[in-house]
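A.B. asks: Quick one: the structure is below, and I'll ask about it shortly.
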Amino acid sequence: MVVTIDGPSGAGKSTVSRKLALLLGFAFLDTGALYRGVALAAQWAGLESDDEAAVAAWLEGLDLAARPQGGRFMVLLEGRDVEPFIRNEEVANLASRLSAQAAVRGHLLGLQRQAGVLGDLVAEGRDMGTVVFPKAEAKFFLNASPAERARRRFLELKSSQPGLTLEEVLADLNQRDQRDAARSLSPLKPAADALVVDTTSLSQEQVIALLLDKVRALAGKS
Ligand code: DC
């Protein structure tokens with residue numbers, strides 16, 4: 001069974017998806033980490049990221065993989081776990097810019113779908129329910145007000161980036177949302193058959209309980 005969780009950043013997708021996967025005994029795939037892995041590699045290579053032809057040619061030699069390990073998919077760049085290097089705003093912004101390019105999306109599509117054939121999966125991203133797993137049995141779209149999403153991102157980032165202000169996080173988030181939703185390829189939007197959940201005034205536990213109930217009900221039917 002594949003469960004998809006899409007939505008903008010700060011809507012609570014990551015923690016909810018990870019915990020939901022754990023409770024269901026499903027593997028967890030964070031597809032944003034794949035886009036961030038591409039961005040990190042581009043940064044390290046000093047690539048001119050707005051040159052689409054150059055990016056497409058460079059992707060052919062890119063050694064990026066998603067390997068199942070301990071209930072989640074680890075993103076490996078040339079065999080190295082990228083996790084310690086990708087959770088910052090610079091990589092996030094470059095990932096958002098690169099993710100609008102067809103060659104990048106096409107390159108990652110196969111990697112993401114492969115994860116779905118290995119077994120039960122919770123897949124989190126922007127286009128899981130619309131493009132990558134259109135036949136998923138359970139689809140969710142998490143959202144929250146921009147102010148609440150910025151507050152959550154700020155709390156996440158403030159220890160690693162002490163100079164950052166809430167206003168900067170909000171401005172960054174608005175810019176990234178705008179770009180992710182306005183792009184012509186796989187824009188951020190709920191699948192027609194997704195359950196849209198506004199998490200603004202819900203706790204993580206409430207969101208998880210809601211999703212868990214829904215998935216169990218759907219699994220019982222199939
Ligand atoms: O979820 P995240 O913040 O780690 O994602 C980083 C960027 O990657 C995000 O701004 C848009 C892009 N992305 C995407 O286009 N499609 C996905 N399925 C996941 C992420």
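To be explicit about the labels: the chains of the structure tokens are called A, B, and onward in the order shown, and within each one the residues are counted from 1, while ligands get numbers from 1 in the order they are shown.
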May I have all residues of range 116-149 of chain A that DSSP, computed from the backbone, assigns to alpha helix (DSSP H), given as a ChimeraX atom specification?
C.D. replies: /A:116-117,146-149
A.B. asks: With N, CA and C atoms retained, could you export that selection as a short mmCIF file (atom, residue, chain, number, x, y, z; two decimals), in the first residue's frame?
C.D. replies:
```cif
data_model
loop_
_atom_site.label_atom_id
_atom_site.label_comp_id
_atom_site.auth_asym_id
_atom_site.auth_seq_id
_atom_site.Cartn_x
_atom_site.Cartn_y
_atom_site.Cartn_z
N GLY A 116 8.47 2.75 -4.32
CA GLY A 116 7.10 2.27 -4.18
C GLY A 116 6.91 0.81 -4.53
N VAL A 117 7.81 0.26 -5.33
CA VAL A 117 7.62 -1.16 -5.69
C VAL A 117 8.25 -2.09 -4.66
N PRO A 146 0.13 30.56 6.47
CA PRO A 146 1.54 30.93 6.30
C PRO A 146 2.20 31.34 7.61
N ALA A 147 1.50 32.09 8.46
CA ALA A 147 2.10 32.54 9.73
C ALA A 147 2.46 31.34 10.60
N GLU A 148 1.59 30.36 10.67
CA GLU A 148 1.85 29.18 11.50
C GLU A 148 2.97 28.34 10.90
N ARG A 149 3.01 28.23 9.60
CA ARG A 149 4.07 27.44 8.95
C ARG A 149 5.44 28.11 9.16
#
```
A.B. asks: Please tabulate, as CSV, the residues of chain A that come within 8 Å of ligand 1, each with its closest pair of atoms and the distance in Å to one decimal, counting only C-alpha atoms and all ligand atoms and ordering rows by chain, then residue number upward.
C.D. replies:
```
residue,atom,partner,partner_atom_place_in_ligand_line,distance
A:Asp6,CA,ligand 1,18 (N),7.7
A:Pro8,CA,ligand 1,1 (O),7.3
A:Ser9,CA,ligand 1,3 (O),5.3
A:Ser14,CA,ligand 1,1 (O),7.8
A:Asp30,CA,ligand 1,4 (O),7.4
A:Thr31,CA,ligand 1,19 (C),4.8
A:Gly32,CA,ligand 1,4 (O),3.5
A:Ala33,CA,ligand 1,4 (O),5.3
A:Leu34,CA,ligand 1,19 (C),7.5
A:Tyr35,CA,ligand 1,8 (O),4.8
A:Arg36,CA,ligand 1,6 (C),5.8
A:Arg87,CA,ligand 1,4 (O),7.8
A:Ala92,CA,ligand 1,6 (C),5.1
A:Asn93,CA,ligand 1,10 (O),6.4
A:Leu94,CA,ligand 1,7 (C),7.9
A:Ala95,CA,ligand 1,7 (C),4.8
A:Ser96,CA,ligand 1,10 (O),3.7
A:Arg97,CA,ligand 1,10 (O),7.5
A:Leu98,CA,ligand 1,12 (C),7.9
A:Ser99,CA,ligand 1,15 (O),4.7
A:Ala100,CA,ligand 1,15 (O),6.8
A:Arg105,CA,ligand 1,15 (O),7.6
A:Glu124,CA,ligand 1,18 (N),6.9
A:Gly125,CA,ligand 1,18 (N),3.7
A:Arg126,CA,ligand 1,18 (N),4.1
A:Asp127,CA,ligand 1,18 (N),4.9
A:Met128,CA,ligand 1,18 (N),6.0
A:Arg176,CA,ligand 1,10 (O),5.8
A:Asp177,CA,ligand 1,10 (O),7.2
A:Arg179,CA,ligand 1,10 (O),8.0
A:Asp180,CA,ligand 1,11 (C),5.8
A:Ser186,CA,ligand 1,15 (O),7.4
A:Pro187,CA,ligand 1,15 (O),7.6
A:Leu188,CA,ligand 1,15 (O),7.6
```
A.B. asks: List every residue of range 5-221 of chain A that DSSP, applied to the backbone of this structure, places in strand (DSSP E), and write the result as a ChimeraX atom specification.
C.D. replies: /A:5-6,27-30,64-69,72-77,80-81,121-125,138-143,195-198
A.B. asks: Residues of range 81-170 of chain A within 12 Å of range 203-210 of chain A: nearest atom pair and distance (Å, one decimal) for each, counting only C-alpha atoms, sorted by chain and number, as a tab-separated table?
C.D. replies:
```
residue	atom	partner	partner_atom	distance
A:Phe140	CA	A:Leu210	CA	10.6
A:Phe141	CA	A:Val207	CA	11.4
A:Leu142	CA	A:Val207	CA	9.1
A:Asn143	CA	A:Val207	CA	11.1
A:Ala144	CA	A:Ser203	CA	11.7
A:Arg152	CA	A:Gln204	CA	11.6
```
A.B. asks: Find the residues around Ala53 in chain A up to 10 Å (only C-alpha atoms counted), leave out those fewer than 6 positions away in its own chain, and share them as a PyMOL selection string.
C.D. replies: chain A and resi 59+101+103
A.B. asks: How would the residues just picked look written out with N, CA, C and O atoms as a compact mmCIF listing (two decimals), in the first residue's frame?
C.D. replies:
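selection25.txt written:
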```txt
# COMPACT_ATOMS: atom_id res chain seq x y z
N LEU A 59 23.18 15.91 -14.98
CA LEU A 59 22.40 14.88 -14.27
C LEU A 59 22.79 13.46 -14.71
O LEU A 59 22.72 12.52 -13.92
N GLN A 101 12.71 22.36 -13.07
CA GLN A 101 13.26 21.93 -14.36
C GLN A 101 12.84 20.49 -14.70
O GLN A 101 12.95 19.59 -13.85
N ALA A 103 14.18 18.19 -16.53
CA ALA A 103 15.21 17.15 -16.46
C ALA A 103 15.40 16.67 -15.02
O ALA A 103 15.59 15.48 -14.78
```
A.B. asks: Could you give me, as a list in words, the residues within 8 Å of Val169 in chain A, counting only C-alpha atoms and dropping anything in the same chain fewer than 5 positions from it?
C.D. replies: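 Near Val169 in chain A, the qualifying residues are Ala150, Arg153, Phe154 and Leu164 of chain A.
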A.B. asks: Leaving out Ser17 in chain A and any residue of its chain fewer than 5 positions from it, which residues lie within 8 Å of it when counting only C-alpha atoms, given as a ChimeraX atom specification?
C.D. replies: /A:5,28,122-124
A.B. asks: Which residues are close to Asp213 in chain A, i.e. within 12 Å by only C-alpha atoms, leaving aside same-chain residues fewer than 5 positions away? Reply as a list of chain:residue names.
C.D. replies: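 Using only C-alpha atoms, the neighbours found are A:Leu20, A:Leu23, A:Leu24, A:Ala138, A:Gln206, A:Val207, A:Ile208, A:Leu218, A:Ala219, A:Gly220.
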A.B. asks: Quick one: residues within 9 Å of Phe85 in chain A, only C-alpha atoms, excluding same-chain residues fewer than 6 positions away - as a VMD selection string?
C.D. replies: chain A and resid 37 40 91
A.B. asks: What separation in Å, quoted to one decimal, exists between CA of Met1 in chain A and CA of Val197 in chain A?
C.D. replies: 20.6 Å
